[in-house]
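The next block is start_1.cif, given as mmCIF, N, CA, C and O atoms and all ligand atoms.
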```
data_protein
#
loop_
_atom_site.label_atom_id
_atom_site.label_comp_id
_atom_site.auth_asym_id
_atom_site.auth_seq_id
_atom_site.Cartn_x
_atom_site.Cartn_y
_atom_site.Cartn_z
N MET A 1 116.09 68.15 194.66
CA MET A 1 116.52 69.32 193.90
C MET A 1 115.31 70.21 193.59
O MET A 1 114.24 69.71 193.30
N ILE A 2 115.54 71.50 193.62
CA ILE A 2 114.48 72.45 193.29
C ILE A 2 114.63 72.82 191.81
O ILE A 2 115.66 73.33 191.41
N PRO A 3 113.61 72.53 191.00
CA PRO A 3 113.77 72.74 189.56
C PRO A 3 113.51 74.18 189.11
O PRO A 3 113.49 74.44 187.92
N HIS A 4 113.28 75.08 190.07
CA HIS A 4 113.02 76.47 189.67
C HIS A 4 113.94 77.40 190.44
O HIS A 4 114.53 77.02 191.45
N ALA A 5 114.02 78.67 189.99
CA ALA A 5 114.89 79.65 190.64
C ALA A 5 114.37 79.98 192.03
O ALA A 5 113.17 79.93 192.28
N VAL A 6 115.25 80.26 192.95
CA VAL A 6 114.83 80.63 194.30
C VAL A 6 115.50 81.93 194.78
O VAL A 6 115.20 82.41 195.87
N GLU A 7 116.39 82.50 193.95
CA GLU A 7 117.14 83.62 194.50
C GLU A 7 116.29 84.85 194.81
O GLU A 7 116.68 85.67 195.61
N ASN A 8 115.10 84.95 194.22
CA ASN A 8 114.28 86.12 194.51
C ASN A 8 113.39 85.96 195.74
O ASN A 8 112.68 86.88 196.12
N PHE A 9 113.43 84.79 196.36
CA PHE A 9 112.60 84.59 197.54
C PHE A 9 113.28 85.18 198.77
O PHE A 9 114.50 85.20 198.87
N ASP A 10 112.45 85.61 199.74
CA ASP A 10 113.00 86.07 201.01
C ASP A 10 113.56 84.87 201.76
O ASP A 10 113.14 83.74 201.54
N GLU A 11 114.48 85.16 202.65
CA GLU A 11 115.04 84.11 203.49
C GLU A 11 113.91 83.47 204.32
O GLU A 11 112.99 84.16 204.74
N ILE A 12 113.99 82.19 204.52
CA ILE A 12 113.00 81.51 205.36
C ILE A 12 113.28 81.88 206.81
O ILE A 12 114.38 81.69 207.31
N ASN A 13 112.28 82.46 207.49
CA ASN A 13 112.47 82.79 208.90
C ASN A 13 111.13 82.68 209.63
O ASN A 13 110.14 82.23 209.04
N LEU A 14 111.11 83.08 210.90
CA LEU A 14 109.90 82.92 211.70
C LEU A 14 108.71 83.65 211.10
O LEU A 14 107.57 83.26 211.29
N ASP A 15 108.98 84.76 210.40
CA ASP A 15 107.88 85.57 209.87
C ASP A 15 107.30 85.01 208.58
O ASP A 15 106.18 85.34 208.21
N GLY A 16 108.08 84.21 207.90
CA GLY A 16 107.53 83.76 206.64
C GLY A 16 108.34 82.67 205.97
O GLY A 16 109.53 82.51 206.23
N ASN A 17 107.64 81.93 205.12
CA ASN A 17 108.27 80.86 204.36
C ASN A 17 107.56 80.83 203.02
O ASN A 17 106.49 80.26 202.88
N GLN A 18 108.16 81.48 202.04
CA GLN A 18 107.49 81.62 200.75
C GLN A 18 107.31 80.27 200.05
O GLN A 18 106.40 80.12 199.25
N CYS A 19 108.17 79.33 200.36
CA CYS A 19 108.03 78.01 199.75
C CYS A 19 106.62 77.48 200.01
O CYS A 19 105.99 76.87 199.15
N MET A 20 106.13 77.71 201.23
CA MET A 20 104.84 77.18 201.62
C MET A 20 103.69 77.94 200.96
O MET A 20 102.56 77.46 200.95
N ASP A 21 103.96 79.13 200.40
CA ASP A 21 102.91 79.83 199.66
C ASP A 21 102.44 78.97 198.49
O ASP A 21 101.31 79.08 198.05
N CYS A 22 103.32 78.14 197.97
CA CYS A 22 102.96 77.32 196.81
C CYS A 22 102.91 75.83 197.14
O CYS A 22 102.18 75.09 196.50
N HIS A 23 103.69 75.37 198.10
CA HIS A 23 103.82 73.92 198.30
C HIS A 23 103.04 73.36 199.47
O HIS A 23 103.05 72.16 199.69
N SER A 24 102.37 74.21 200.27
CA SER A 24 101.67 73.68 201.45
C SER A 24 100.42 72.93 201.02
O SER A 24 99.93 73.09 199.89
N GLY A 25 99.89 72.13 201.92
CA GLY A 25 98.68 71.39 201.63
C GLY A 25 97.52 72.30 201.27
O GLY A 25 96.64 71.94 200.50
N ALA A 26 97.53 73.51 201.84
CA ALA A 26 96.42 74.43 201.61
C ALA A 26 96.53 75.19 200.30
O ALA A 26 95.54 75.70 199.79
N THR A 27 97.74 75.28 199.75
CA THR A 27 97.92 76.17 198.59
C THR A 27 98.33 75.46 197.30
O THR A 27 98.22 76.04 196.23
N TYR A 28 98.81 74.25 197.40
CA TYR A 28 99.47 73.66 196.23
C TYR A 28 98.56 73.52 195.01
O TYR A 28 99.01 73.70 193.88
N GLN A 29 97.28 73.23 195.26
CA GLN A 29 96.40 73.04 194.10
C GLN A 29 96.19 74.34 193.35
O GLN A 29 96.29 74.39 192.12
N LYS A 30 95.96 75.41 194.11
CA LYS A 30 95.74 76.72 193.50
C LYS A 30 96.99 77.16 192.74
O LYS A 30 96.91 77.77 191.67
N LYS A 31 98.17 76.86 193.29
CA LYS A 31 99.41 77.31 192.68
C LYS A 31 99.95 76.31 191.65
O LYS A 31 101.02 76.52 191.08
N LYS A 32 99.24 75.20 191.48
CA LYS A 32 99.67 74.15 190.53
C LYS A 32 101.10 73.70 190.80
O LYS A 32 101.91 73.52 189.89
N ALA A 33 101.41 73.55 192.06
CA ALA A 33 102.75 73.11 192.47
C ALA A 33 102.63 71.74 193.14
O ALA A 33 101.57 71.42 193.68
N PRO A 34 103.69 70.94 193.13
CA PRO A 34 103.62 69.67 193.87
C PRO A 34 103.54 69.93 195.37
O PRO A 34 104.20 70.84 195.87
N LYS A 35 102.71 69.16 196.05
CA LYS A 35 102.57 69.30 197.51
C LYS A 35 103.82 68.77 198.19
O LYS A 35 104.46 67.84 197.68
N ILE A 36 104.18 69.34 199.32
CA ILE A 36 105.31 68.82 200.09
C ILE A 36 105.11 67.32 200.33
O ILE A 36 103.99 66.85 200.43
N GLY A 37 106.22 66.61 200.43
CA GLY A 37 106.16 65.15 200.53
C GLY A 37 105.36 64.67 201.74
O GLY A 37 105.28 65.35 202.74
N ASP A 38 104.75 63.49 201.63
CA ASP A 38 103.97 62.92 202.73
C ASP A 38 104.80 62.81 204.01
O ASP A 38 104.30 63.00 205.11
N SER A 39 106.09 62.53 203.83
CA SER A 39 106.96 62.38 205.01
C SER A 39 107.05 63.68 205.80
O SER A 39 107.40 63.67 206.98
N HIS A 40 106.72 64.81 205.16
CA HIS A 40 106.82 66.11 205.82
C HIS A 40 105.70 66.32 206.84
O HIS A 40 105.72 67.27 207.60
N PHE A 41 104.72 65.41 206.83
CA PHE A 41 103.60 65.50 207.77
C PHE A 41 103.75 64.51 208.92
O PHE A 41 102.79 64.18 209.59
N ILE A 42 104.96 63.98 209.09
CA ILE A 42 105.19 63.02 210.17
C ILE A 42 106.24 63.59 211.11
O ILE A 42 107.28 64.07 210.66
N ASP A 43 105.94 63.58 212.41
CA ASP A 43 106.91 64.14 213.35
C ASP A 43 107.94 63.08 213.75
O ASP A 43 107.91 61.95 213.27
N ARG A 44 108.88 63.50 214.60
CA ARG A 44 109.98 62.60 214.93
C ARG A 44 109.53 61.37 215.68
O ARG A 44 110.23 60.37 215.73
N GLN A 45 108.35 61.43 216.31
CA GLN A 45 107.84 60.26 217.02
C GLN A 45 107.03 59.35 216.10
O GLN A 45 106.52 58.33 216.53
N GLY A 46 106.90 59.77 214.83
CA GLY A 46 106.16 58.95 213.88
C GLY A 46 104.68 59.26 213.83
O GLY A 46 103.92 58.58 213.16
N ASN A 47 104.24 60.33 214.53
CA ASN A 47 102.82 60.70 214.50
C ASN A 47 102.48 61.42 213.20
O ASN A 47 103.28 62.25 212.74
N LYS A 48 101.31 61.15 212.65
CA LYS A 48 100.85 61.88 211.47
C LYS A 48 100.27 63.22 211.90
O LYS A 48 99.49 63.28 212.85
N LEU A 49 100.66 64.27 211.20
CA LEU A 49 100.20 65.62 211.54
C LEU A 49 99.30 66.14 210.43
O LEU A 49 99.36 65.67 209.30
N THR A 50 98.45 67.13 210.77
CA THR A 50 97.62 67.73 209.71
C THR A 50 98.40 68.84 208.99
O THR A 50 98.10 69.17 207.85
N GLU A 51 99.39 69.41 209.68
CA GLU A 51 100.23 70.42 209.05
C GLU A 51 101.66 69.90 208.98
O GLU A 51 102.02 68.99 209.69
N ALA A 52 102.46 70.54 208.15
CA ALA A 52 103.84 70.09 207.99
C ALA A 52 104.58 70.15 209.33
O ALA A 52 104.37 71.06 210.13
N SER A 53 105.43 69.19 209.57
CA SER A 53 106.21 69.14 210.79
C SER A 53 107.18 70.31 210.85
O SER A 53 107.75 70.72 209.83
N ALA A 54 107.37 70.86 212.05
CA ALA A 54 108.30 71.97 212.22
C ALA A 54 109.71 71.58 211.81
O ALA A 54 110.50 72.41 211.39
N SER A 55 110.03 70.30 211.89
CA SER A 55 111.38 69.86 211.53
C SER A 55 111.61 69.98 210.03
O SER A 55 112.74 69.85 209.56
N ARG A 56 110.56 70.24 209.26
CA ARG A 56 110.69 70.42 207.81
C ARG A 56 110.62 71.88 207.41
O ARG A 56 110.62 72.20 206.22
N TYR A 57 110.52 72.76 208.39
CA TYR A 57 110.26 74.17 208.07
C TYR A 57 111.35 74.79 207.22
O TYR A 57 111.09 75.57 206.32
N ASN A 58 112.59 74.45 207.53
CA ASN A 58 113.71 75.07 206.80
C ASN A 58 113.99 74.26 205.52
O ASN A 58 114.96 73.51 205.44
N CYS A 59 113.15 74.49 204.53
CA CYS A 59 113.18 73.69 203.30
C CYS A 59 114.56 73.57 202.68
O CYS A 59 114.96 72.51 202.22
N VAL A 60 115.30 74.68 202.68
CA VAL A 60 116.55 74.70 201.93
C VAL A 60 117.71 74.02 202.66
O VAL A 60 118.83 74.00 202.17
N GLN A 61 117.39 73.47 203.84
CA GLN A 61 118.39 72.65 204.52
C GLN A 61 118.52 71.32 203.77
O GLN A 61 119.56 70.68 203.81
N CYS A 62 117.50 70.94 203.07
CA CYS A 62 117.54 69.69 202.30
C CYS A 62 117.39 69.91 200.80
O CYS A 62 118.01 69.20 200.02
N HIS A 63 116.54 70.85 200.42
CA HIS A 63 116.28 71.08 198.99
C HIS A 63 117.19 72.19 198.48
O HIS A 63 117.22 73.27 199.05
N VAL A 64 117.90 71.91 197.41
CA VAL A 64 118.80 72.91 196.85
C VAL A 64 118.48 73.11 195.37
O VAL A 64 118.06 72.18 194.69
N PRO A 65 118.69 74.34 194.89
CA PRO A 65 118.41 74.59 193.48
C PRO A 65 119.41 73.87 192.59
O PRO A 65 120.56 73.65 192.99
N GLN A 66 118.97 73.54 191.42
CA GLN A 66 119.88 72.94 190.45
C GLN A 66 120.64 74.06 189.78
O GLN A 66 120.07 75.07 189.43
N VAL A 67 121.92 73.90 189.60
CA VAL A 67 122.68 74.89 188.84
C VAL A 67 123.39 74.20 187.68
O VAL A 67 123.83 73.06 187.80
N ASP A 68 123.49 74.94 186.60
CA ASP A 68 124.17 74.42 185.43
C ASP A 68 125.56 75.04 185.43
O ASP A 68 125.81 76.04 184.80
N ALA A 69 126.47 74.48 186.23
CA ALA A 69 127.80 75.06 186.36
C ALA A 69 128.84 73.96 186.27
O ALA A 69 128.58 72.82 186.66
N PRO A 70 130.03 74.30 185.78
CA PRO A 70 131.09 73.28 185.74
C PRO A 70 131.53 72.96 187.16
O PRO A 70 131.42 73.80 188.05
N PRO A 71 132.06 71.76 187.42
CA PRO A 71 132.53 71.43 188.76
C PRO A 71 133.63 72.38 189.21
O PRO A 71 134.45 72.81 188.40
N LEU A 72 133.66 72.74 190.50
CA LEU A 72 134.63 73.69 191.02
C LEU A 72 136.04 73.13 190.97
O LEU A 72 137.01 73.85 190.81
N VAL A 73 136.16 71.84 191.13
CA VAL A 73 137.47 71.19 191.15
C VAL A 73 137.47 70.10 190.10
O VAL A 73 136.55 69.29 190.04
N ASP A 74 138.50 70.08 189.27
CA ASP A 74 138.59 69.03 188.27
C ASP A 74 138.77 67.69 188.96
O ASP A 74 139.43 67.59 189.99
N ASN A 75 138.24 66.68 188.34
CA ASN A 75 138.36 65.35 188.91
C ASN A 75 139.17 64.50 187.95
O ASN A 75 138.78 64.30 186.81
N THR A 76 140.33 64.02 188.40
CA THR A 76 141.21 63.25 187.53
C THR A 76 141.09 61.75 187.81
O THR A 76 141.89 60.96 187.32
N PHE A 77 140.13 61.38 188.59
CA PHE A 77 139.98 59.97 188.93
C PHE A 77 139.79 59.13 187.68
O PHE A 77 139.02 59.47 186.80
N LYS A 78 140.55 58.04 187.59
CA LYS A 78 140.34 57.09 186.50
C LYS A 78 140.00 55.74 187.10
O LYS A 78 140.70 55.25 187.98
N GLY A 79 138.95 55.21 186.62
CA GLY A 79 138.53 53.89 187.11
C GLY A 79 139.57 52.83 186.75
O GLY A 79 140.31 52.96 185.78
N ASP A 80 139.66 51.78 187.53
CA ASP A 80 140.67 50.75 187.30
C ASP A 80 140.00 49.38 187.41
O ASP A 80 140.61 48.42 187.85
N ALA A 81 138.77 49.33 186.98
CA ALA A 81 138.01 48.11 187.20
C ALA A 81 138.57 46.92 186.42
O ALA A 81 138.38 45.78 186.80
N ALA A 82 139.31 47.22 185.31
CA ALA A 82 139.78 46.13 184.45
C ALA A 82 141.03 45.46 185.01
O ALA A 82 141.41 44.38 184.57
N ARG A 83 141.72 46.13 185.98
CA ARG A 83 142.96 45.58 186.50
C ARG A 83 142.75 44.19 187.10
O ARG A 83 141.78 43.96 187.82
N LYS A 84 143.67 43.31 186.82
CA LYS A 84 143.53 41.96 187.37
C LYS A 84 143.81 41.98 188.86
O LYS A 84 144.69 42.69 189.34
N SER A 85 143.08 41.20 189.58
CA SER A 85 143.27 41.16 191.02
C SER A 85 144.63 40.56 191.34
O SER A 85 145.05 39.56 190.76
N VAL A 86 145.39 41.23 192.25
CA VAL A 86 146.70 40.70 192.63
C VAL A 86 146.60 39.87 193.91
O VAL A 86 147.58 39.32 194.36
N ARG A 87 145.41 39.82 194.45
CA ARG A 87 145.25 39.14 195.72
C ARG A 87 145.22 37.64 195.48
O ARG A 87 144.55 37.15 194.61
N LYS A 88 146.05 36.91 196.25
CA LYS A 88 146.01 35.45 196.13
C LYS A 88 145.56 34.87 197.46
O LYS A 88 146.01 35.29 198.51
N ASN A 89 144.68 33.89 197.40
CA ASN A 89 144.18 33.33 198.64
C ASN A 89 145.09 32.22 199.14
O ASN A 89 145.48 31.36 198.44
C1 LIG A 101 105.40 80.65 193.14
C2 LIG A 101 105.18 79.27 193.56
C3 LIG A 101 106.38 78.51 194.13
C4 LIG A 101 107.21 78.89 195.16
C5 LIG A 101 107.18 80.19 195.98
C6 LIG A 101 108.14 77.80 195.35
N1 LIG A 101 107.87 76.79 194.47
FE1 LIG A 101 108.81 74.98 194.36
N2 LIG A 101 107.71 74.48 192.73
C7 LIG A 101 106.71 75.24 192.18
C8 LIG A 101 106.18 74.57 191.00
C9 LIG A 101 105.04 75.09 190.12
C10 LIG A 101 106.92 73.37 190.87
C11 LIG A 101 106.78 72.31 189.78
C12 LIG A 101 108.01 72.25 188.92
C13 LIG A 101 108.13 73.41 188.01
O1 LIG A 101 107.30 73.55 187.10
O2 LIG A 101 109.10 74.20 188.15
C14 LIG A 101 107.87 73.35 191.98
C15 LIG A 101 108.76 72.32 192.22
C16 LIG A 101 109.51 72.18 193.37
C17 LIG A 101 110.24 71.00 193.78
C18 LIG A 101 110.34 69.69 193.01
C19 LIG A 101 109.22 68.78 193.45
C20 LIG A 101 109.24 67.46 192.74
O3 LIG A 101 108.20 66.76 192.81
O4 LIG A 101 110.24 67.11 192.12
C21 LIG A 101 110.85 71.27 194.96
C22 LIG A 101 111.71 70.33 195.79
C23 LIG A 101 110.50 72.63 195.30
N3 LIG A 101 109.69 73.16 194.32
C24 LIG A 101 110.93 73.28 196.43
C25 LIG A 101 110.71 74.62 196.72
C26 LIG A 101 111.34 75.33 197.81
C27 LIG A 101 112.31 74.74 198.81
C28 LIG A 101 110.85 76.60 197.76
C29 LIG A 101 111.25 77.78 198.64
C30 LIG A 101 112.68 78.11 198.64
C31 LIG A 101 109.91 76.68 196.65
N4 LIG A 101 109.87 75.45 196.04
C32 LIG A 101 109.14 77.79 196.32
C33 LIG A 101 106.22 76.45 192.68
C34 LIG A 101 106.81 77.19 193.69
C1 LIG A 102 114.84 67.02 206.37
C2 LIG A 102 114.93 67.25 204.93
C3 LIG A 102 113.77 67.96 204.24
C4 LIG A 102 113.20 69.17 204.59
C5 LIG A 102 113.55 70.08 205.75
C6 LIG A 102 112.19 69.42 203.59
N1 LIG A 102 112.15 68.41 202.68
FE1 LIG A 102 110.90 68.28 201.06
N2 LIG A 102 111.58 66.40 200.68
C7 LIG A 102 112.63 65.79 201.32
C8 LIG A 102 112.79 64.46 200.78
C9 LIG A 102 113.83 63.45 201.22
C10 LIG A 102 111.80 64.31 199.78
C11 LIG A 102 111.51 63.08 198.91
C12 LIG A 102 110.83 62.01 199.69
C13 LIG A 102 109.55 62.47 200.28
O1 LIG A 102 108.60 62.80 199.54
O2 LIG A 102 109.48 62.53 201.50
C14 LIG A 102 111.07 65.56 199.72
C15 LIG A 102 110.03 65.81 198.88
C16 LIG A 102 109.50 67.08 198.65
C17 LIG A 102 108.62 67.44 197.56
C18 LIG A 102 108.14 66.52 196.46
C19 LIG A 102 106.95 65.75 196.94
C20 LIG A 102 106.44 64.79 195.90
O3 LIG A 102 105.41 64.17 196.16
O4 LIG A 102 107.05 64.65 194.84
C21 LIG A 102 108.34 68.76 197.69
C22 LIG A 102 107.48 69.62 196.78
C23 LIG A 102 109.03 69.24 198.87
N3 LIG A 102 109.71 68.19 199.43
C24 LIG A 102 108.99 70.52 199.33
C25 LIG A 102 109.50 70.93 200.56
C26 LIG A 102 109.26 72.23 201.15
C27 LIG A 102 108.48 73.36 200.50
C28 LIG A 102 109.89 72.22 202.36
C29 LIG A 102 109.88 73.30 203.43
C30 LIG A 102 108.56 73.63 203.96
C31 LIG A 102 110.56 70.92 202.51
N4 LIG A 102 110.27 70.17 201.40
C32 LIG A 102 111.36 70.55 203.58
C33 LIG A 102 113.39 66.33 202.34
C34 LIG A 102 113.10 67.50 203.04
#
```

Could I get this file's structure written as C-alpha cells?
Amino acid sequence: MIPHAVENFDEINLDGNQCMDCHSGATYQKKKAPKIGDSHFIDRQGNKLTEASASRYNCVQCHVPQVDAPPLVDNTFKGDAARKSVRKN
C-alpha cells in the first residue's frame, strides 16, 4: 500500500516515473523515502541487478494508494463457526 497521495503524479510511462524520483537507490536518501524493495533488484532469472528490474517499472501495477472509503458493496456474510458438525464418519 502507498501511504501517501499519488493523484498529482504524472502517469508512469517511457518518459518518466516520478515514483523513482524519491524511491530509487540513487535518490531515496536525499528524499528521505524508503528505498524500493530488495526484490526489485532481481530479474526473472534470479540475477542481482544494480538498477531496478524493468519488470518492476510499473509501480502501480502492484502498489495502490490507501483510501478511507466505505466498501462499495455491503457484505452480509455471517460466520457460522459455532455450528455443530453434521458430518458423521
Ligand atoms: C516526493 C517523493 C515521493 C514520491 C514522488 C513518491 N513517494 Fe512513495 N513515499 C515517499 C515517502 C517519504 C514515503 C514514506 C512514508 C511517508 O512518510 O508517507 C513513501 C512511502 C511509500 C511506500 C511505502 C513503503 C513502506 O516501506 O511501507 C510505497 C509502497 C510507496 N511510497 C510507493 C510509491 C509509488 C508507487 C510512487 C509513485 C506512484 C511513489 N511512492 C512516489 C516519498 C515519495
Ligand atoms: C510486481 C509487483 C511490484 C512492482 C511492479 C513494484 N513493487 Fe514495490 N514492492 C512489492 C512487494 C511485494 C514489496 C514488499 C516485499 C519486498 O520488499 O520486495 C514491495 C516493496 C516496496 C517498497 C518498500 C521497501 C521496504 O524495504 O520496505 C517500496 C518503497 C516499493 N516497493 C516501491 C516501489 C516502486 C517505487 C516501484 C516502481 C518503480 C515498485 N515498488 C514496483 C511489489 C512490487

Next on the checklist: Let's see if you can do this: from backbone DSSP, list all alpha helix (DSSP H) residues in chain A, as an MDAnalysis selection string.
Outcome noted: chainID A and resid 19:23 28:31

Item to check | At most 4.5 Å from ligand LIG 101 (chain A) (all atoms listed in the file): residue list as a ChimeraX atom specification | outcome: /A:1-3,18-19,22,31-33

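With distances restricted to only N, CA, C and O atoms and all ligand atoms, A:Met20 is the closest residue to ligand LIG 102 (chain A) from A:Ile42, A:Met20, A:Val73, A:Ala26.
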
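Going from atom C9 of ligand LIG 102 (chain A) to atom CA of Gly16 of chain A covers 21.9 Å.
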
Item to check | Nearby polymer residues, ligand LIG 102 (chain A), at most 8 Å, only N, CA, C and O atoms and all ligand atoms, as a ChimeraX atom specification | outcome: /A:1,17-24,33-41,52-63

Prev. selection, N, CA, C and O atoms, output as a short mmCIF file (atom, residue, chain, number, x, y, z; two decimals), in the coordinates of the input:
```cif
data_model
loop_
_atom_site.label_atom_id
_atom_site.label_comp_id
_atom_site.auth_asym_id
_atom_site.auth_seq_id
_atom_site.Cartn_x
_atom_site.Cartn_y
_atom_site.Cartn_z
N MET A 1 116.09 68.15 194.66
CA MET A 1 116.52 69.32 193.90
C MET A 1 115.31 70.21 193.59
O MET A 1 114.24 69.71 193.30
N ASN A 17 107.64 81.93 205.12
CA ASN A 17 108.27 80.86 204.36
C ASN A 17 107.56 80.83 203.02
O ASN A 17 106.49 80.26 202.88
N GLN A 18 108.16 81.48 202.04
CA GLN A 18 107.49 81.62 200.75
C GLN A 18 107.31 80.27 200.05
O GLN A 18 106.40 80.12 199.25
N CYS A 19 108.17 79.33 200.36
CA CYS A 19 108.03 78.01 199.75
C CYS A 19 106.62 77.48 200.01
O CYS A 19 105.99 76.87 199.15
N MET A 20 106.13 77.71 201.23
CA MET A 20 104.84 77.18 201.62
C MET A 20 103.69 77.94 200.96
O MET A 20 102.56 77.46 200.95
N ASP A 21 103.96 79.13 200.40
CA ASP A 21 102.91 79.83 199.66
C ASP A 21 102.44 78.97 198.49
O ASP A 21 101.31 79.08 198.05
N CYS A 22 103.32 78.14 197.97
CA CYS A 22 102.96 77.32 196.81
C CYS A 22 102.91 75.83 197.14
O CYS A 22 102.18 75.09 196.50
N HIS A 23 103.69 75.37 198.10
CA HIS A 23 103.82 73.92 198.30
C HIS A 23 103.04 73.36 199.47
O HIS A 23 103.05 72.16 199.69
N SER A 24 102.37 74.21 200.27
CA SER A 24 101.67 73.68 201.45
C SER A 24 100.42 72.93 201.02
O SER A 24 99.93 73.09 199.89
N ALA A 33 101.41 73.55 192.06
CA ALA A 33 102.75 73.11 192.47
C ALA A 33 102.63 71.74 193.14
O ALA A 33 101.57 71.42 193.68
N PRO A 34 103.69 70.94 193.13
CA PRO A 34 103.62 69.67 193.87
C PRO A 34 103.54 69.93 195.37
O PRO A 34 104.20 70.84 195.87
N LYS A 35 102.71 69.16 196.05
CA LYS A 35 102.57 69.30 197.51
C LYS A 35 103.82 68.77 198.19
O LYS A 35 104.46 67.84 197.68
N ILE A 36 104.18 69.34 199.32
CA ILE A 36 105.31 68.82 200.09
C ILE A 36 105.11 67.32 200.33
O ILE A 36 103.99 66.85 200.43
N GLY A 37 106.22 66.61 200.43
CA GLY A 37 106.16 65.15 200.53
C GLY A 37 105.36 64.67 201.74
O GLY A 37 105.28 65.35 202.74
N ASP A 38 104.75 63.49 201.63
CA ASP A 38 103.97 62.92 202.73
C ASP A 38 104.80 62.81 204.01
O ASP A 38 104.30 63.00 205.11
N SER A 39 106.09 62.53 203.83
CA SER A 39 106.96 62.38 205.01
C SER A 39 107.05 63.68 205.80
O SER A 39 107.40 63.67 206.98
N HIS A 40 106.72 64.81 205.16
CA HIS A 40 106.82 66.11 205.82
C HIS A 40 105.70 66.32 206.84
O HIS A 40 105.72 67.27 207.60
N PHE A 41 104.72 65.41 206.83
CA PHE A 41 103.60 65.50 207.77
C PHE A 41 103.75 64.51 208.92
O PHE A 41 102.79 64.18 209.59
N ALA A 52 102.46 70.54 208.15
CA ALA A 52 103.84 70.09 207.99
C ALA A 52 104.58 70.15 209.33
O ALA A 52 104.37 71.06 210.13
N SER A 53 105.43 69.19 209.57
CA SER A 53 106.21 69.14 210.79
C SER A 53 107.18 70.31 210.85
O SER A 53 107.75 70.72 209.83
N ALA A 54 107.37 70.86 212.05
CA ALA A 54 108.30 71.97 212.22
C ALA A 54 109.71 71.58 211.81
O ALA A 54 110.50 72.41 211.39
N SER A 55 110.03 70.30 211.89
CA SER A 55 111.38 69.86 211.53
C SER A 55 111.61 69.98 210.03
O SER A 55 112.74 69.85 209.56
N ARG A 56 110.56 70.24 209.26
CA ARG A 56 110.69 70.42 207.81
C ARG A 56 110.62 71.88 207.41
O ARG A 56 110.62 72.20 206.22
N TYR A 57 110.52 72.76 208.39
CA TYR A 57 110.26 74.17 208.07
C TYR A 57 111.35 74.79 207.22
O TYR A 57 111.09 75.57 206.32
N ASN A 58 112.59 74.45 207.53
CA ASN A 58 113.71 75.07 206.80
C ASN A 58 113.99 74.26 205.52
O ASN A 58 114.96 73.51 205.44
N CYS A 59 113.15 74.49 204.53
CA CYS A 59 113.18 73.69 203.30
C CYS A 59 114.56 73.57 202.68
O CYS A 59 114.96 72.51 202.22
N VAL A 60 115.30 74.68 202.68
CA VAL A 60 116.55 74.70 201.93
C VAL A 60 117.71 74.02 202.66
O VAL A 60 118.83 74.00 202.17
N GLN A 61 117.39 73.47 203.84
CA GLN A 61 118.39 72.65 204.52
C GLN A 61 118.52 71.32 203.77
O GLN A 61 119.56 70.68 203.81
N CYS A 62 117.50 70.94 203.07
CA CYS A 62 117.54 69.69 202.30
C CYS A 62 117.39 69.91 200.80
O CYS A 62 118.01 69.20 200.02
N HIS A 63 116.54 70.85 200.42
CA HIS A 63 116.28 71.08 198.99
C HIS A 63 117.19 72.19 198.48
O HIS A 63 117.22 73.27 199.05
#
```

Checklist entry - What residues in chain A get the DSSP label strand (DSSP E or B)? Please answer as JSON, numbers by chain. => result {"A": [2, 13, 16, 42, 48, 65]}

Keeping N, CA, C and O atoms for every residue in the selection just given, could you write it to a file as a short mmCIF file (atom, residue, chain, number, x, y, z; two decimals), keeping the file's coordinate frame?
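That gives us again_0.cif:
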```cif
data_model
loop_
_atom_site.label_atom_id
_atom_site.label_comp_id
_atom_site.auth_asym_id
_atom_site.auth_seq_id
_atom_site.Cartn_x
_atom_site.Cartn_y
_atom_site.Cartn_z
N ILE A 2 115.54 71.50 193.62
CA ILE A 2 114.48 72.45 193.29
C ILE A 2 114.63 72.82 191.81
O ILE A 2 115.66 73.33 191.41
N ASN A 13 112.28 82.46 207.49
CA ASN A 13 112.47 82.79 208.90
C ASN A 13 111.13 82.68 209.63
O ASN A 13 110.14 82.23 209.04
N GLY A 16 108.08 84.21 207.90
CA GLY A 16 107.53 83.76 206.64
C GLY A 16 108.34 82.67 205.97
O GLY A 16 109.53 82.51 206.23
N ILE A 42 104.96 63.98 209.09
CA ILE A 42 105.19 63.02 210.17
C ILE A 42 106.24 63.59 211.11
O ILE A 42 107.28 64.07 210.66
N LYS A 48 101.31 61.15 212.65
CA LYS A 48 100.85 61.88 211.47
C LYS A 48 100.27 63.22 211.90
O LYS A 48 99.49 63.28 212.85
N PRO A 65 118.69 74.34 194.89
CA PRO A 65 118.41 74.59 193.48
C PRO A 65 119.41 73.87 192.59
O PRO A 65 120.56 73.65 192.99
#
```

Checklist entry - What does the distance between atom CA of Val67 of chain A and atom O of Ile12 of chain A come to in Å, to one decimal place? => result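 Answer for the atom CA of Val67 of chain A to atom O of Ile12 of chain A separation: 21.4 Å.
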
Checklist entry - Which residue gives the smallest distance to His4 of chain A among A:Pro71, A:Pro65, A:Tyr28, A:Glu51, with only C-alpha atoms counted? => result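 Of the candidates, the smallest distance to His4 of chain A is held by A:Pro65.
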
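What separates atom CA of Glu11 of chain A from atom CA of Thr27 of chain A is a distance of 19.5 Å.
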
Would it be fine to have segment 13-18 of chain A, with N, CA and C atoms, given as a PDB file, in the first residue's frame?
```
ATOM      1  N   ASN A  13       5.252   6.337 -17.542  1.00  0.00           N
ATOM      2  CA  ASN A  13       5.400   5.930 -18.936  1.00  0.00           C
ATOM      3  C   ASN A  13       6.889   5.913 -19.299  1.00  0.00           C
ATOM      4  N   LEU A  14       7.178   5.694 -20.579  1.00  0.00           N
ATOM      5  CA  LEU A  14       8.573   5.569 -21.007  1.00  0.00           C
ATOM      6  C   LEU A  14       9.390   6.809 -20.687  1.00  0.00           C
ATOM      7  N   ASP A  15       8.734   7.973 -20.680  1.00  0.00           N
ATOM      8  CA  ASP A  15       9.464   9.221 -20.466  1.00  0.00           C
ATOM      9  C   ASP A  15       9.768   9.497 -19.004  1.00  0.00           C
ATOM     10  N   GLY A  16       8.998   8.893 -18.142  1.00  0.00           N
ATOM     11  CA  GLY A  16       9.254   9.233 -16.751  1.00  0.00           C
ATOM     12  C   GLY A  16       8.511   8.373 -15.761  1.00  0.00           C
ATOM     13  N   ASN A  17       9.072   8.329 -14.566  1.00  0.00           N
ATOM     14  CA  ASN A  17       8.473   7.576 -13.474  1.00  0.00           C
ATOM     15  C   ASN A  17       8.779   8.363 -12.207  1.00  0.00           C
ATOM     16  N   GLN A  18       7.823   9.165 -11.791  1.00  0.00           N
ATOM     17  CA  GLN A  18       8.066  10.048 -10.657  1.00  0.00           C
ATOM     18  C   GLN A  18       8.299   9.279  -9.362  1.00  0.00           C
TER      19      GLN A  18
END
```
